[in-house]
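All remarks here apply to the structure that follows.
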Amino acid sequence: MASSTIPSGAHGDPTRRDFLMVATGAMAAVGAIATAWPFINNLNPAADTLALSSIEVNVKPIAVGQAITVKWRGRPVFIRHRTPEDIKEAESVKLSELPDPETDTARVTDSAKKVRPEWLIVVGVCTHLGCVPLGTKQGDPRGEYNGWFCPCHGSQYDTSGRIRKGPAPANLAVPSYLFTSDTLVKIG
Amino acid sequence: MASSHGAPPVFNNKVIAWIDHRLPIFSYVEKEYHTFPTPRNFNYFWNFGAIATVMLVLMIATGVVLATNYTPHVTMAFDSVERIMRDVPSGWLIRYMHMTGASFFFAAVYVHIFRGLYYGSYKAPRELLWILGVVILLLMMATAFMGYVLPWGQMSFWGATVITNLFSAIPVVGDSIVTWLWGGFAVDNPTLNRFFALHYLLPFIIVAVVALHVVALHIHGSNNPLGIDPKGPQDTVPFHPYYTMKDGFGVICFLIVYAIFVFFYPNALGEPVNYVPANPLVTPNEIVPEWYLLPFYAILRAVPDKLGGVLCMFGAIAVLFVVPWLDTSRVRSCTFRPIYKWFVFLLVADVIMLGICGAHPPEGWYVPLSRIGTIYYFFHFIILLPVLGKIERPLPLPPSIADAVLKKKVA
Ligand code: HEM
Ligand code: FES
């Protein structure tokens, strides 16, 4: 690396000057990265955006078989009061048939580890490219698996919100939630 | 070529001479836009560079004026655009010029790119010129995408959601990248704010890259419909007045068509759904981008795998960067490539077909058609271009531009 005007050590050994060049260059690179970081980090979610991250919902008015949409962190969350048939359907599927294998029980457990199969709470954002799947409102198409149907590119979800068919790679996400009483749930 | 002509100009005006001696801007214009020796045989395809430049200036002028009345906030953006349309003096005109201008800018650039492909303008020594052009195309796409988000209609919101979600296909870090792009957990106010800032910035970066593009152009001069180099003064004419006039004529014709759209069909190229305010809880029945992005959208959806679709979509543009090295033919212009010529037309048909597929929901015939279209697109560049250059027998090239042009006159 040393240019020809700078004498090199015997047998082409690196000189002190080579060492200084490399050390200075390395320091400059570290400095450049350290300076770039605040610019990159600046674009991450701000504290107030993060602070909006939990809501409380009263689920009492939701009748069996009905579902509602609530807004959490700027995106829809579906809360479905499942019928016994819904639950049976979700529990009876073999895991090997699922593109993204997950048991139904794992998806209806709140953060205090209490299982409530009648309540399914999922983020209403298709895991393909982010559309809101249909199936929450009465009269919406629910797809072949009686859960949700995404109109954008045709993904189909089952009564547990798991992906069954279509381009979406993963199940509808389950947010962390906690039933603070039998009718009050805190999401986030 | 550029440096082959005479002595530096002498300015009679003392002020101009004084300035030019210190900062030779007048010499520069004289050399690059007046005496600049330009092939004498351009056809109208050579107008579209000038047309694109005019559109870029027009987009910046209308955009800056729009920005004086636009409010980048989720609760106010839609209404501020409606206010521009209804209450702000001439606001409707400025906005329709900007909206329609984006479409016409892309149309001009696509014709410009076709010209490059057909006449082999990307071949040595113009590879970097071509690459800078592809960079401009990418920057334009990013700019138009972010601009489309600003009026905060349904299609703005859901287009932004689908396109930013593409990055979630990246393994491991995908989701963090998407959160970082959004500045939150969904497309929301931070996203709108940063898109406005970037939408304001990127056009000026485009101006800078266009400047480099033009500098690179003026090193070796323009290609021409015959694809052979000028061999002397008999093959060229000075840029001014010959091509300033021809470009001026082309620009005016183009602007007439543009004006017809601005005044009579301002919404013909847009989506009516975007006049519905954004609603993060309801997805429109169908999400379609603006027409100029449809072929790439079709490629995205043609691939049944999420990551694969994203890679192919970006790959469709990335492959353009290496076209100068994929093409093995030594002949530039398709005028002398009897076989490849038809394949260029076939490629155009293929891209149009992909565009039509992109405009329709991916059902029925559109699925196999978009797959065939995608496969053909890549086949053209990756297989056909290198192989055909080796086996095709080009027609004999004329000895010089002047020779070819004058012979045609006689015949
Ligand atoms: C490369 C040049 C540019 C392109 C391709 C472009 C493209 C677009 C597009 C497609 C829209 C959406 C139009 C609509 O549907 O309403 C838009 C909106 C907008 N652009 Fe640009 N733009 C460019 C330059 C600029 C510049 C330099 C500014 C200056 C700040 C600007 C400011 C705006 C504003 C304020 C809006 C929102 C108002 C509206 O939607 O009409 N643009 N742009
Ligand atoms: S976004 Fe739901 S299937 Fe593509």
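We label chains A, B, ... in the order they appear in the structure tokens, count residues from 1 in each chain, and number ligands from 1 in the order shown.
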
Which of region 25-154 of chain A DSSP labels strand (DSSP E or B), written as a VMD selection string: chain A and resid 55 to 58 67 to 72 75 to 81 109 115 119 to 123 134 146 to 149

Env. residues ligand 2 / 6 Å / only C-alpha atoms and all ligand atoms / as a ChimeraX atom specification: /A:126,128-131,150,152-155,167-168

Store the residues picked out above, limited to C-alpha atoms, as an mmCIF file, in the first residue's frame.
```cif
data_model
loop_
_atom_site.group_PDB
_atom_site.id
_atom_site.type_symbol
_atom_site.label_atom_id
_atom_site.label_comp_id
_atom_site.auth_asym_id
_atom_site.auth_seq_id
_atom_site.Cartn_x
_atom_site.Cartn_y
_atom_site.Cartn_z
ATOM 1 C CA CYS A 126 -52.676 -9.758 5.760
ATOM 2 C CA HIS A 128 -48.721 -11.006 2.375
ATOM 3 C CA LEU A 129 -48.622 -7.304 1.555
ATOM 4 C CA GLY A 130 -50.664 -5.705 4.303
ATOM 5 C CA CYS A 131 -54.272 -5.457 3.110
ATOM 6 C CA CYS A 150 -57.986 -11.205 1.632
ATOM 7 C CA CYS A 152 -55.968 -8.245 -2.642
ATOM 8 C CA HIS A 153 -54.308 -11.437 -3.780
ATOM 9 C CA GLY A 154 -56.685 -14.086 -2.482
ATOM 10 C CA SER A 155 -55.137 -15.346 0.784
ATOM 11 C CA PRO A 167 -49.610 -16.098 -1.258
ATOM 12 C CA ALA A 168 -49.450 -14.977 2.397
#
```

Test item: residues at most 7 Å from region 168-185 of chain B, only C-alpha atoms, excluding those fewer than 2 positions along its chain, as a PyMOL selection string: (chain A and resi 43-45+49+73-74) or (chain B and resi 164-166+187+190-191+306-307)

Atoms kept (C-alpha atoms) for selection, written as a tab-separated table (two decimals), in the first residue's frame:
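That gives us out.tsv:
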```
chain	number	residue	atom	x	y	z
A	43	LEU	CA	-36.38	7.49	11.22
A	44	ASN	CA	-37.36	4.84	13.80
A	45	PRO	CA	-40.70	5.18	15.66
A	49	THR	CA	-45.69	6.72	18.64
A	73	ARG	CA	-51.13	1.22	16.68
A	74	GLY	CA	-52.77	2.62	13.54
B	164	THR	CA	-43.54	-0.68	1.76
B	165	ASN	CA	-44.61	-4.17	2.83
B	166	LEU	CA	-42.55	-5.56	-0.06
B	187	VAL	CA	-48.31	3.76	7.26
B	190	PRO	CA	-44.56	9.91	10.32
B	191	THR	CA	-44.64	8.10	6.97
B	306	LYS	CA	-43.47	-13.39	-1.78
B	307	LEU	CA	-39.69	-12.94	-1.75
```

Skip Pro125 (chain B) itself and residues of its chain fewer than 6 positions away, then list as a PyMOL selection string all residues within 12 Å of it, counting only C-alpha atoms. chain B and resi 1+131+216-223+229+324-325+330+332

Please, could you write that set of residues out with C-alpha atoms as a JSON list (two decimals), in the first residue's frame?
```json
[["chain", "number", "residue", "atom", "x", "y", "z"],
["B", 1, "MET", "CA", -16.40, 14.39, -30.90],
["B", 131, "ILE", "CA", -26.51, 3.35, -16.51],
["B", 216, "ALA", "CA", -21.46, 11.82, -20.31],
["B", 217, "LEU", "CA", -23.48, 12.32, -23.51],
["B", 218, "HIS", "CA", -21.34, 15.23, -24.63],
["B", 219, "ILE", "CA", -18.07, 13.34, -24.25],
["B", 220, "HIS", "CA", -18.70, 11.06, -27.22],
["B", 221, "GLY", "CA", -21.75, 12.80, -28.65],
["B", 222, "SER", "CA", -25.09, 11.31, -29.58],
["B", 223, "ASN", "CA", -25.75, 8.00, -31.21],
["B", 229, "ASP", "CA", -20.01, 7.08, -35.68],
["B", 324, "PRO", "CA", -24.53, -3.08, -22.41],
["B", 325, "TRP", "CA", -22.69, -6.28, -21.51],
["B", 330, "ARG", "CA", -21.22, -5.23, -32.48],
["B", 332, "ARG", "CA", -25.73, -0.79, -32.66]]
```

Report, in Å with one decimal, the straight-line distance from CA of Asn58 (chain A) to CA of Lys71 (chain A).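 If I compute the distance from CA of Asn58 (chain A) to CA of Lys71 (chain A), I get 13.4 Å.
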
Can you tell me which residues surround region 289-298 of chain B at a distance of at most 7 Å, considering only C-alpha atoms, apart from same-chain residues fewer than 2 positions away, and format the answer as number ranges by chain? B: 106, 159, 270, 287, 300-302, 313, 351, 354-355, 357-359, 370

Mind dumping the selected residues with C-alpha atoms as a short mmCIF file (atom, residue, chain, number, x, y, z; two decimals), in the first residue's frame?
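part.cif, freshly written:
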```cif
data_model
loop_
_atom_site.label_atom_id
_atom_site.label_comp_id
_atom_site.auth_asym_id
_atom_site.auth_seq_id
_atom_site.Cartn_x
_atom_site.Cartn_y
_atom_site.Cartn_z
CA PHE B 106 -42.90 8.72 -17.66
CA GLY B 159 -50.44 1.72 -2.42
CA GLY B 270 -55.79 8.31 -12.44
CA ILE B 287 -55.11 -2.00 -5.38
CA LEU B 300 -44.47 -8.86 -8.67
CA ARG B 301 -47.77 -10.71 -8.64
CA ALA B 302 -46.84 -13.26 -11.31
CA MET B 313 -39.76 -6.96 -9.70
CA VAL B 351 -44.33 -5.10 -21.54
CA LEU B 354 -47.74 -7.17 -18.57
CA GLY B 355 -49.17 -3.69 -18.02
CA CYS B 357 -52.22 -7.91 -16.54
CA GLY B 358 -51.12 -5.53 -13.79
CA ALA B 359 -54.31 -3.51 -14.20
CA SER B 370 -48.51 -12.47 -16.48
#
```

Which residues, written as a ChimeraX atom specification, have at least one atom at most 8 Å from Ala90 (chain A), with only C-alpha atoms counted and residues fewer than 2 positions away on the same chain left out? /A:86-88,92-93,104,158-160

List every residue of region 29-63 of chain A that DSSP, applied to the backbone, labels as alpha helix (DSSP H), and write the result as a list in words. Ala29, Val30, Gly31, Ala32, Ile33, Ala34, Thr35, Ala36, Trp37, Pro38, Phe39, Ile40, Asn41, Ala47, Asp48, Thr49, Leu50 and Ala51 of chain A

For C-alpha atoms, I'd like the residues from the last selection saved as an mmCIF file, in the first residue's frame.
```cif
data_model
loop_
_atom_site.group_PDB
_atom_site.id
_atom_site.type_symbol
_atom_site.label_atom_id
_atom_site.label_comp_id
_atom_site.auth_asym_id
_atom_site.auth_seq_id
_atom_site.Cartn_x
_atom_site.Cartn_y
_atom_site.Cartn_z
ATOM 1 C CA ALA A 29 -14.566 4.764 9.033
ATOM 2 C CA VAL A 30 -15.723 4.261 12.627
ATOM 3 C CA GLY A 31 -16.423 7.992 12.888
ATOM 4 C CA ALA A 32 -18.408 7.985 9.644
ATOM 5 C CA ILE A 33 -20.554 5.084 10.813
ATOM 6 C CA ALA A 34 -21.082 6.637 14.251
ATOM 7 C CA THR A 35 -22.156 9.872 12.577
ATOM 8 C CA ALA A 36 -24.518 8.076 10.200
ATOM 9 C CA TRP A 37 -26.278 6.268 13.024
ATOM 10 C CA PRO A 38 -28.321 9.192 14.447
ATOM 11 C CA PHE A 39 -29.537 9.973 10.928
ATOM 12 C CA ILE A 40 -30.708 6.404 10.425
ATOM 13 C CA ASN A 41 -32.066 6.031 13.929
ATOM 14 C CA ALA A 47 -41.455 7.816 21.805
ATOM 15 C CA ASP A 48 -44.996 9.165 21.455
ATOM 16 C CA THR A 49 -45.694 6.719 18.637
ATOM 17 C CA LEU A 50 -44.456 3.901 20.852
ATOM 18 C CA ALA A 51 -46.499 5.240 23.781
#
```

Using only C-alpha atoms, which residue out of B:Phe321, B:Phe167, B:Phe264, B:Tyr44 lies closest to chain A?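 Closest residue, counting only C-alpha atoms: B:Phe167.
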
If we count only C-alpha atoms and set the cut-off at 12 Å, which residues sit around Ala52 (chain B), ignoring sequence neighbours fewer than 5 positions away in its own chain? Please answer as a PyMOL selection string. chain B and resi 45-47+57-59+101-113+133+136-137+140+206-207+210+247+250-251+254-255

Between atom 41 (O, counted along the ligand's line) of ligand 1 and CA of Trp92 (chain B) lies a distance of 8.9 Å

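Proximity of B:Gly227, B:Pro361, B:Pro266, B:Pro37 to ligand 1, computed with only C-alpha atoms and all ligand atoms, is greatest for B:Pro266.
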
Under the rule that only C-alpha atoms and all ligand atoms are counted, which of B:Leu384, B:Leu369, B:Ala144, B:Ala208 is the nearest residue to ligand 1?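 Closest to ligand 1 of all the choices is B:Ala144.
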
What is the CA of Tyr200 (chain B)-atom 28 (C, counted along the ligand's line) of ligand 1 distance in Å, reported with one decimal? 4.7 Å
